[in-house]
Amino acid sequence: MPDSHRLIAVVHADESCLGNGRDGQNPGGAGSLVEMQIGGRIHRTDIHISSPDTTNNRMALSGAIATLALLREEYGQLAVVLVSDSQYLVKGMNEWMPHWRARGWKRKKGAVENVELWKQLERLSKRFDPEPIWRWVRGHDGHPKNEYANDLAMKAAKEQALSEGAVESLFDDWLAQKKAKGEFADYDPDQHLMELASLVH
């Protein structure tokens with residue numbers, strides 16, 4: 001069980017790039033659903049950012065940076081579990097980064113792409129104690145919070161919107177609408193939150 005006195009944020013993050021890799025400008029967005037239990041109540045907020053010309057990988061990194069920076073600024077020292085369907089982000093933080101650093105931020109077959117974003121994310125992560133826990137979830141596979149984060153990212157990309165901090169989440173209304181259509185009928189978002197928070201020791 002997690003420490004009942006420690007503030008824990010569970011983040012479901014996703015990214016979008018419209019026309020990823022094609023010629024010309026490719027607008028992108030990233031969205032995060034942030035959940036915390038404060039004073040016995042579940043609080044949910046949304047964060048989203050955008051860029052007029054980017055890639056999926058850059059938006060995955062940028063979204064994680066924006067979310068962690070905001071959490072650190074607003075809450076100080078807290079534990080974070082960040083869930084993403086980006087293997088690039090999760091494997092990078094869990095597996096690849098120590099090897100890149102040992103080689104002077106180089107891969108076996110050349111330079112590390114988006115190296116400044118990776119360095120920024122590493123510096124930010126080390127400001128947390130414990131450092132954030134990174135977990136992968138398969139995208140577009142029926143995970144409600146991942147689907148919601150995807151919707152946030154897509155909307156941010158299309159509208160080139162910026163939440164300017166954490167805003168009140170629309171997840172509960174989104175889930176109620178899905179359940180009214182017969183989707184996610186047995187899904188308990190609060191129980192799911194506690195299961196992920198229990199990863200923090």
# chains A, B, ... in the order shown; residues from 1 in each chain; ligands from 1
>>> residues_around(residues="stretch 19-27 of chain A", least_positions_apart="4", cutoff="6 Å", atoms="only C-alpha atoms", output="list in words")
Ser51, Pro52, Asp53, Thr54, Thr55 and Ala157 of chain A
>>> residues_around(residues="A:Met36", least_positions_apart="5", cutoff="7 Å", atoms="only C-alpha atoms", output="ChimeraX atom specification")
/A:8-10,42-44
>>> closest_residue(among="A:Glu168, A:Glu147, A:Asp186, A:Glu159", to="A:Asp85", atoms="only C-alpha atoms")
A:Glu147
>>> closest_residue(among="A:Ala153, A:Glu131, A:Val34, A:Asp14", to="A:Leu89", atoms="only C-alpha atoms")
A:Asp14
>>> closest_residue(among="A:Ile133, A:Cys17, A:Leu33, A:Met93", to="A:Leu152", atoms="only C-alpha atoms")
A:Leu33
>>> closest_residue(among="A:Leu121, A:Val11, A:Met154, A:Leu68", to="A:Asn56", atoms="only C-alpha atoms")
A:Met154
>>> select_by_dssp(residues="stretch 123-179 of chain A", states="strand (DSSP E)", output="list in words")
Ile133, Trp134, Arg135, Trp136, Val167 and Glu168 of chain A
>>> closest_residue(among="A:Lys179, A:Gln87, A:Lys158, A:Glu74", to="A:Arg138", atoms="only C-alpha atoms")
A:Gln87
>>> residues_around(residues="A:Met194", least_positions_apart="3", cutoff="10 Å", atoms="only C-alpha atoms", output="PyMOL selection string")
chain A and resi 1-2+8+10+35-37+189-191+197-199
>>> residues_around(residues="A:Gly31", least_positions_apart="4", cutoff="10 Å", atoms="only C-alpha atoms", output="VMD selection string")
chain A and resid 11 to 16 46 to 50 59 to 60 63 to 64 66 to 67 146 148 to 157 162 to 163
>>> write_last_selection(atoms="C-alpha atoms", output="JSON list (two decimals), in the first residue's frame")
[["chain", "number", "residue", "atom", "x", "y", "z"],
["A", 11, "VAL", "CA", -0.76, 10.76, -14.74],
["A", 12, "HIS", "CA", -2.18, 9.31, -17.94],
["A", 13, "ALA", "CA", -0.42, 11.02, -20.83],
["A", 14, "ASP", "CA", -0.76, 10.80, -24.59],
["A", 15, "GLU", "CA", 0.47, 12.71, -27.61],
["A", 16, "SER", "CA", -0.67, 13.45, -31.15],
["A", 46, "ASP", "CA", -6.21, 18.16, -17.24],
["A", 47, "ILE", "CA", -3.08, 19.59, -18.83],
["A", 48, "HIS", "CA", -2.59, 20.04, -22.55],
["A", 49, "ILE", "CA", 0.01, 21.70, -24.75],
["A", 50, "SER", "CA", 0.52, 22.09, -28.49],
["A", 59, "MET", "CA", 5.26, 15.70, -28.17],
["A", 60, "ALA", "CA", 5.53, 12.66, -25.87],
["A", 63, "GLY", "CA", 4.02, 16.58, -22.63],
["A", 64, "ALA", "CA", 5.85, 14.70, -19.88],
["A", 66, "ALA", "CA", 5.22, 20.13, -19.05],
["A", 67, "THR", "CA", 3.27, 17.88, -16.69],
["A", 146, "ASN", "CA", -5.53, 6.50, -22.10],
["A", 148, "TYR", "CA", -9.28, 10.31, -22.67],
["A", 149, "ALA", "CA", -5.68, 11.54, -22.75],
["A", 150, "ASN", "CA", -5.63, 10.78, -26.48],
["A", 151, "ASP", "CA", -8.74, 12.92, -26.94],
["A", 152, "LEU", "CA", -7.05, 15.76, -25.04],
["A", 153, "ALA", "CA", -3.95, 15.48, -27.23],
["A", 154, "MET", "CA", -5.92, 15.34, -30.49],
["A", 155, "LYS", "CA", -8.01, 18.36, -29.54],
["A", 156, "ALA", "CA", -4.90, 20.33, -28.53],
["A", 157, "ALA", "CA", -3.23, 19.46, -31.85],
["A", 162, "LEU", "CA", -2.63, 25.40, -24.37],
["A", 163, "SER", "CA", -4.28, 24.82, -21.01]]
>>> atom_distance(atom1="atom CA of A:Tyr88", atom2="atom CA of A:Gly28")
16.4 Å
